[in-house]
2 protein chains.
Amino acid sequence: MKSYFKAPKVSGAVIKRLPMYYRFLFSLYNNHVERISSRELSHMMGITSSQLRQDLSHFGEFGQQGYGYRVDELLKIISDILGITNHYTGVIIGAGNIGRAILTYPGFIQRGFMVMGIFDNDPKKIGQTARDLYIKPMDELPQFLQEEHIDIGIIVTPAKSAQIAADVLVENGVKGIWNFAPTDLKIADNVIVENMYLGDSLLELFYKIKERSESE
Amino acid sequence: MKSYFKAPKVSGAVIKRLPMYYRFLFSLYNNHVERISSRELSHMMGITSSQLRQDLSHFGEFGQQGYGYRVDELLKIISDILGITNHYTGVIIGAGNIGRAILTYPGFIQRGFMVMGIFDNDPKKIGQTARDLYIKPMDELPQFLQEEHIDIGIIVTPAKSAQIAADVLVENGVKGIWNFAPTDLKIADNVIVENMYLGDSLLELFYKIKERSESE
């Protein structure tokens with residue numbers, strides 16, 4: 001296996017599949033599977049094996065003809081490509097039910113991500129604990145972001161407060177925003193935004209159910 | 001304005017934008033905006049006005065030349081297309097932090113969706129309340145699904161329990177599954193699955209941050 005140097009520009013569709021590769025490989029690794037063929041792995045993932053080989057070819061040459069992939073090696077490489085090994089830090093803005101639930105999300109540790117603080121502007125919530133953190137007031141956010149060198153802000157506020165939170169995050173140096181608020185944020189181009197619109201996903205499900213029932 | 005008859009087959013990209021149309025129109029409606037031009041609406045949404053007109057042309061002829069769209073009419077039409085006016089019912093499987101947070105998600109009521117039950121197999125959780133519901137044991141799920149004619153099952157279990165939950169949901173007549181468990185479910189073709197992989201979304205953000213920092 002050749003070593004991995006630097007990820008070239010790859011298409012959005014491949015990027016969307018990388019987390020899925022990670023998820024399947026992590027599960028195999030956890031189940032002590034040592035080797036897997038491209039046929040088996042692609043079958044598990046519901047893609048063709050030529051699609052799989054083509055995806056991975058963007059990042060180097062993996063696997064040995066007839067021997068398949070070593071699960072631990074491929075997992076390490078995909079983790080590197082995804083930046084999991086960078087150990088990013090984050091804060092959560094908004095200590096409502098969903099904010100607190102995200103704080104305890106078990107998938108973070110596995111992905112090398114650590115939430116260092118949770119902030120809210122509701123005096124009733126400030127000072128309460130969530131997981132092992134005190135909920136801090138919003139006016140302490142700028143200093144916290146700078147002192148702790150926070151990489152990612154997770155916005156879980158109502159829509160009307162989300163842009164203000166985003167502006168504070170960007171002004172204080174975050175590299176990315178993971179936005180759960182149901183609004184489109186205006187953000188400088190040098191900061192990455194990834195939206196998780198729960199409501200949009202549910203509406204897509206509604207639409208497909210309706211379309212299916214009308215076609216029957 | 002001509003009336004809306006039946007939604008024809010439209011592309012995945014248009015379907016993905018429909019919830020966004022709904023979100024912006026609902027916000028305009030809430031702010032008592034009566035009319036909006038295709039130019040203004042498309043600008044808000046970050047698409048071109050010809051894209052907007054083309055999207056909407058899939059569903060009929062809306063708007064009057066030079067007068068724009070009536071917000072209430074267009075919101076009603078988009079809601080019908082999405083199936084919001086069908087008033088779907090749901091259950092949540094998994095009463096952990098994220099399951100309970102989803103139960104109180106304020107976007108459901110607005111979308112005509114009602115969660116009627118929450119289920120878990122942990123004896124410590126069964127009988128506790130979440131929102132206004134008692135957490136019920138999994139063995140009561142089949143009867144509940146049938147008696148309440150539940151449309152949608154929301155799976156918020158650990159990955160290893162998700163397929164079992166999905167099988168019970170499908171066997172008892174749900175039309176759709178909204179899956180938050182980090183696993184790919186095997187589901188009969190007549191049931192729609194919409195996946196919400198939090199971990200995948202976070203990894204996509206990591207990847208884009210890493211790619212951006214490498215290109216600098």
# chains A, B, ... in the order shown; residues from 1 in each chain; ligands from 1
call {"tool": "closest_atom_pairs", "arguments": {"of": "chain A", "to": "chain B", "cutoff": "6 Å", "atoms": "only C-alpha atoms", "output": "JSON lines"}}
result
{"residue": "A:Pro19", "atom": "CA", "partner": "B:Asp200", "partner_atom": "CA", "distance": 4.9}
{"residue": "A:Leu82", "atom": "CA", "partner": "B:Tyr207", "partner_atom": "CA", "distance": 4.5}
{"residue": "A:Gly83", "atom": "CA", "partner": "B:Tyr207", "partner_atom": "CA", "distance": 5.7}
{"residue": "A:Asn97", "atom": "CA", "partner": "B:Ala101", "partner_atom": "CA", "distance": 4.9}
{"residue": "A:Ile98", "atom": "CA", "partner": "B:Ala101", "partner_atom": "CA", "distance": 5.0}
{"residue": "A:Ala101", "atom": "CA", "partner": "B:Asn97", "partner_atom": "CA", "distance": 4.9}
{"residue": "A:Glu194", "atom": "CA", "partner": "B:Leu205", "partner_atom": "CA", "distance": 6.0}
{"residue": "A:Asp200", "atom": "CA", "partner": "B:Pro19", "partner_atom": "CA", "distance": 4.9}
{"residue": "A:Leu203", "atom": "CA", "partner": "B:Pro19", "partner_atom": "CA", "distance": 5.9}
{"residue": "A:Leu205", "atom": "CA", "partner": "B:Glu194", "partner_atom": "CA", "distance": 6.0}
{"residue": "A:Phe206", "atom": "CA", "partner": "B:Gly83", "partner_atom": "CA", "distance": 5.7}
{"residue": "A:Tyr207", "atom": "CA", "partner": "B:Leu82", "partner_atom": "CA", "distance": 4.5}
{"residue": "A:Lys210", "atom": "CA", "partner": "B:Gly83", "partner_atom": "CA", "distance": 5.9}
call {"tool": "write_last_selection", "arguments": {"atoms": "C-alpha atoms", "output": "compact mmCIF listing (two decimals), in the first residue's frame"}}
result
# COMPACT_ATOMS: atom_id res chain seq x y z
CA PRO A 19 -18.48 9.42 6.25
CA LEU A 82 -11.80 13.23 6.92
CA GLY A 83 -9.69 15.15 9.41
CA ASN A 97 -33.41 20.09 24.73
CA ILE A 98 -31.67 19.51 21.42
CA ALA A 101 -28.91 16.11 23.66
CA GLU A 194 -22.97 22.55 7.42
CA ASP A 200 -36.60 19.95 6.01
CA LEU A 203 -40.85 17.37 5.00
CA LEU A 205 -40.12 12.22 4.09
CA PHE A 206 -43.72 13.56 4.00
CA TYR A 207 -43.37 14.38 0.32
CA LYS A 210 -47.45 11.29 -0.34
call {"tool": "residues_around", "arguments": {"residues": "Val115 in chain B", "least_positions_apart": "4", "cutoff": "8 Å", "atoms": "only C-alpha atoms", "output": "PyMOL selection string"}}
result
chain B and resi 89-92+103
call {"tool": "residues_around", "arguments": {"residues": "Arg53 in chain A", "least_positions_apart": "2", "cutoff": "12 Å", "atoms": "only C-alpha atoms", "output": "PyMOL selection string"}}
result
chain A and resi 14+21+37-39+41-42+47-51+55-65+68-69
call {"tool": "select_by_dssp", "arguments": {"residues": "range 86-189 of chain B", "states": "strand (DSSP E)", "output": "PyMOL selection string"}}
result
chain B and resi 89-93+114-120+129-130+133-137+152-155+176-179
call {"tool": "write_last_selection", "arguments": {"atoms": "N, CA, C and O atoms", "output": "short mmCIF file (atom, residue, chain, number, x, y, z; two decimals), in the first residue's frame"}}
result
data_model
loop_
_atom_site.label_atom_id
_atom_site.label_comp_id
_atom_site.auth_asym_id
_atom_site.auth_seq_id
_atom_site.Cartn_x
_atom_site.Cartn_y
_atom_site.Cartn_z
N THR B 89 -49.09 11.09 11.66
CA THR B 89 -48.82 10.74 13.06
C THR B 89 -47.53 9.93 13.15
O THR B 89 -47.17 9.23 12.19
N GLY B 90 -46.88 9.99 14.32
CA GLY B 90 -45.63 9.26 14.48
C GLY B 90 -45.43 8.70 15.88
O GLY B 90 -46.14 9.06 16.82
N VAL B 91 -44.47 7.79 15.97
CA VAL B 91 -43.97 7.34 17.27
C VAL B 91 -42.45 7.47 17.27
O VAL B 91 -41.83 7.43 16.20
N ILE B 92 -41.89 7.63 18.47
CA ILE B 92 -40.43 7.66 18.63
C ILE B 92 -39.99 6.37 19.30
O ILE B 92 -40.56 5.97 20.32
N ILE B 93 -39.00 5.70 18.70
CA ILE B 93 -38.43 4.49 19.30
C ILE B 93 -37.06 4.87 19.86
O ILE B 93 -36.13 5.17 19.10
N MET B 114 -47.82 14.94 14.44
CA MET B 114 -48.03 14.71 15.87
C MET B 114 -47.40 13.40 16.32
O MET B 114 -47.72 12.34 15.77
N VAL B 115 -46.50 13.48 17.30
CA VAL B 115 -45.90 12.27 17.88
C VAL B 115 -46.84 11.77 18.97
O VAL B 115 -47.13 12.47 19.94
N MET B 116 -47.34 10.54 18.78
CA MET B 116 -48.40 9.99 19.65
C MET B 116 -47.83 9.08 20.74
O MET B 116 -48.54 8.78 21.69
N GLY B 117 -46.60 8.60 20.57
CA GLY B 117 -46.07 7.66 21.56
C GLY B 117 -44.55 7.62 21.52
O GLY B 117 -43.95 7.95 20.50
N ILE B 118 -43.95 7.24 22.65
CA ILE B 118 -42.49 7.06 22.72
C ILE B 118 -42.23 5.75 23.44
O ILE B 118 -42.84 5.44 24.46
N PHE B 119 -41.32 4.94 22.86
CA PHE B 119 -41.10 3.57 23.33
C PHE B 119 -39.62 3.33 23.62
O PHE B 119 -38.75 3.90 22.96
N ASP B 120 -39.36 2.45 24.59
CA ASP B 120 -37.98 2.08 24.91
C ASP B 120 -38.02 0.67 25.50
O ASP B 120 -39.08 0.20 25.93
N THR B 129 -42.26 9.97 32.31
CA THR B 129 -42.93 10.80 31.31
C THR B 129 -41.90 11.58 30.49
O THR B 129 -40.83 11.94 30.98
N ALA B 130 -42.25 11.81 29.24
CA ALA B 130 -41.47 12.66 28.34
C ALA B 130 -42.51 13.50 27.61
O ALA B 130 -43.45 12.95 27.04
N LEU B 133 -46.22 12.36 27.53
CA LEU B 133 -46.42 10.94 27.22
C LEU B 133 -45.70 10.04 28.22
O LEU B 133 -44.60 10.36 28.65
N TYR B 134 -46.33 8.91 28.57
CA TYR B 134 -45.61 7.87 29.30
C TYR B 134 -44.73 7.10 28.32
O TYR B 134 -45.19 6.77 27.22
N ILE B 135 -43.50 6.82 28.73
CA ILE B 135 -42.63 5.98 27.91
C ILE B 135 -43.12 4.54 28.03
O ILE B 135 -43.24 4.01 29.14
N LYS B 136 -43.45 3.93 26.88
CA LYS B 136 -44.05 2.60 26.89
C LYS B 136 -43.00 1.54 26.53
O LYS B 136 -42.02 1.83 25.84
N PRO B 137 -43.26 0.28 26.97
CA PRO B 137 -42.33 -0.81 26.62
C PRO B 137 -42.49 -1.23 25.16
O PRO B 137 -43.59 -1.13 24.59
N ILE B 152 -45.60 7.21 10.70
CA ILE B 152 -44.15 7.36 10.65
C ILE B 152 -43.50 6.90 11.95
O ILE B 152 -43.95 7.27 13.04
N GLY B 153 -42.46 6.08 11.82
CA GLY B 153 -41.68 5.68 13.00
C GLY B 153 -40.36 6.43 13.01
O GLY B 153 -39.67 6.47 11.99
N ILE B 154 -40.02 7.03 14.14
CA ILE B 154 -38.76 7.77 14.28
C ILE B 154 -37.82 6.90 15.11
O ILE B 154 -38.11 6.63 16.28
N ILE B 155 -36.73 6.44 14.51
CA ILE B 155 -35.81 5.53 15.20
C ILE B 155 -34.64 6.31 15.76
O ILE B 155 -33.89 6.95 15.02
N GLY B 176 -43.50 5.37 6.57
CA GLY B 176 -42.17 5.96 6.48
C GLY B 176 -41.40 5.81 7.77
O GLY B 176 -41.98 5.68 8.85
N ILE B 177 -40.07 5.82 7.65
CA ILE B 177 -39.18 5.75 8.81
C ILE B 177 -38.20 6.92 8.73
O ILE B 177 -37.58 7.16 7.69
N TRP B 178 -38.11 7.66 9.83
CA TRP B 178 -37.14 8.75 9.95
C TRP B 178 -36.05 8.22 10.88
O TRP B 178 -36.28 8.07 12.07
N ASN B 179 -34.91 7.88 10.29
CA ASN B 179 -33.89 7.12 11.03
C ASN B 179 -32.73 7.99 11.50
O ASN B 179 -31.99 8.54 10.68
#
call {"tool": "closest_residue", "arguments": {"among": "B:Leu141, B:Gly127, B:Asn31, B:Ser11", "to": "Ile164 in chain B", "atoms": "only C-alpha atoms"}}
result
B:Leu141
call {"tool": "select_by_dssp", "arguments": {"residues": "range 132-208 of chain A", "states": "helix (DSSP H, G or I)", "output": "VMD selection string"}}
result
chain A and resid 138 to 147 159 to 171 198 to 208
call {"tool": "write_last_selection", "arguments": {"atoms": "N, CA and C atoms", "output": "compact mmCIF listing (two decimals), in the first residue's frame"}}
result
# COMPACT_ATOMS: atom_id res chain seq x y z
N MET A 138 -23.89 34.18 27.19
CA MET A 138 -23.39 34.50 25.85
C MET A 138 -22.29 35.55 25.86
N ASP A 139 -22.31 36.46 26.86
CA ASP A 139 -21.29 37.51 26.82
C ASP A 139 -19.89 36.98 27.18
N GLU A 140 -19.82 35.75 27.65
CA GLU A 140 -18.50 35.14 27.88
C GLU A 140 -17.99 34.37 26.66
N LEU A 141 -18.84 34.30 25.62
CA LEU A 141 -18.49 33.49 24.45
C LEU A 141 -17.23 33.98 23.71
N PRO A 142 -17.12 35.29 23.39
CA PRO A 142 -15.96 35.72 22.60
C PRO A 142 -14.62 35.34 23.25
N GLN A 143 -14.50 35.63 24.55
CA GLN A 143 -13.25 35.32 25.25
C GLN A 143 -12.97 33.81 25.24
N PHE A 144 -14.03 33.04 25.49
CA PHE A 144 -13.89 31.58 25.52
C PHE A 144 -13.40 31.04 24.17
N LEU A 145 -14.00 31.53 23.10
CA LEU A 145 -13.62 31.07 21.75
C LEU A 145 -12.14 31.32 21.48
N GLN A 146 -11.68 32.49 21.90
CA GLN A 146 -10.29 32.85 21.63
C GLN A 146 -9.32 32.11 22.53
N GLU A 147 -9.65 32.05 23.83
CA GLU A 147 -8.72 31.40 24.76
C GLU A 147 -8.61 29.89 24.50
N ALA A 159 -34.45 30.21 15.34
CA ALA A 159 -34.02 30.83 14.08
C ALA A 159 -33.62 32.29 14.28
N LYS A 160 -34.38 33.04 15.08
CA LYS A 160 -34.15 34.49 15.17
C LYS A 160 -32.83 34.85 15.87
N SER A 161 -32.28 33.95 16.67
CA SER A 161 -31.02 34.24 17.36
C SER A 161 -29.80 33.66 16.64
N ALA A 162 -30.03 32.89 15.60
CA ALA A 162 -28.93 32.11 15.01
C ALA A 162 -27.89 33.00 14.32
N GLN A 163 -28.34 34.03 13.60
CA GLN A 163 -27.38 34.87 12.87
C GLN A 163 -26.46 35.62 13.84
N ILE A 164 -27.03 36.11 14.95
CA ILE A 164 -26.21 36.81 15.95
C ILE A 164 -25.14 35.87 16.51
N ALA A 165 -25.55 34.66 16.84
CA ALA A 165 -24.60 33.66 17.34
C ALA A 165 -23.51 33.39 16.29
N ALA A 166 -23.94 33.24 15.04
CA ALA A 166 -22.99 32.94 13.96
C ALA A 166 -21.97 34.07 13.82
N ASP A 167 -22.43 35.32 13.91
CA ASP A 167 -21.52 36.46 13.77
C ASP A 167 -20.45 36.44 14.86
N VAL A 168 -20.86 36.16 16.10
CA VAL A 168 -19.88 36.10 17.21
C VAL A 168 -18.88 34.98 16.96
N LEU A 169 -19.37 33.84 16.51
CA LEU A 169 -18.48 32.70 16.25
C LEU A 169 -17.45 33.05 15.18
N VAL A 170 -17.92 33.65 14.09
CA VAL A 170 -17.02 33.98 12.97
C VAL A 170 -16.00 35.04 13.39
N GLU A 171 -16.49 36.07 14.10
CA GLU A 171 -15.57 37.15 14.54
C GLU A 171 -14.47 36.63 15.46
N LEU A 198 -33.62 19.68 10.58
CA LEU A 198 -34.50 18.56 10.93
C LEU A 198 -35.84 18.69 10.21
N GLY A 199 -36.41 19.90 10.24
CA GLY A 199 -37.73 20.11 9.65
C GLY A 199 -37.74 19.82 8.16
N ASP A 200 -36.68 20.20 7.45
CA ASP A 200 -36.60 19.95 6.01
C ASP A 200 -36.56 18.45 5.71
N SER A 201 -35.79 17.73 6.53
CA SER A 201 -35.68 16.28 6.34
C SER A 201 -37.02 15.61 6.54
N LEU A 202 -37.77 16.06 7.55
CA LEU A 202 -39.10 15.49 7.81
C LEU A 202 -40.04 15.79 6.65
N LEU A 203 -39.98 17.00 6.12
CA LEU A 203 -40.85 17.37 5.00
C LEU A 203 -40.52 16.56 3.75
N GLU A 204 -39.25 16.24 3.56
CA GLU A 204 -38.87 15.40 2.42
C GLU A 204 -39.48 14.00 2.58
N LEU A 205 -39.48 13.51 3.81
CA LEU A 205 -40.12 12.22 4.09
C LEU A 205 -41.62 12.30 3.80
N PHE A 206 -42.28 13.36 4.27
CA PHE A 206 -43.72 13.56 4.00
C PHE A 206 -43.98 13.50 2.50
N TYR A 207 -43.17 14.27 1.77
CA TYR A 207 -43.37 14.38 0.32
C TYR A 207 -43.28 13.01 -0.35
N LYS A 208 -42.25 12.24 0.04
CA LYS A 208 -42.05 10.94 -0.60
C LYS A 208 -43.18 9.96 -0.24
call {"tool": "atom_distance", "arguments": {"atom1": "CA of His32 in chain A", "atom2": "CA of Val156 in chain B"}}
result
25.7 Å
call {"tool": "atom_distance", "arguments": {"atom1": "CA of Ile77 in chain B", "atom2": "CA of Ile150 in chain B"}}
result
24.9 Å
call {"tool": "atom_distance", "arguments": {"atom1": "CA of Asp122 in chain A", "atom2": "CA of Ala95 in chain B"}}
result
25.8 Å
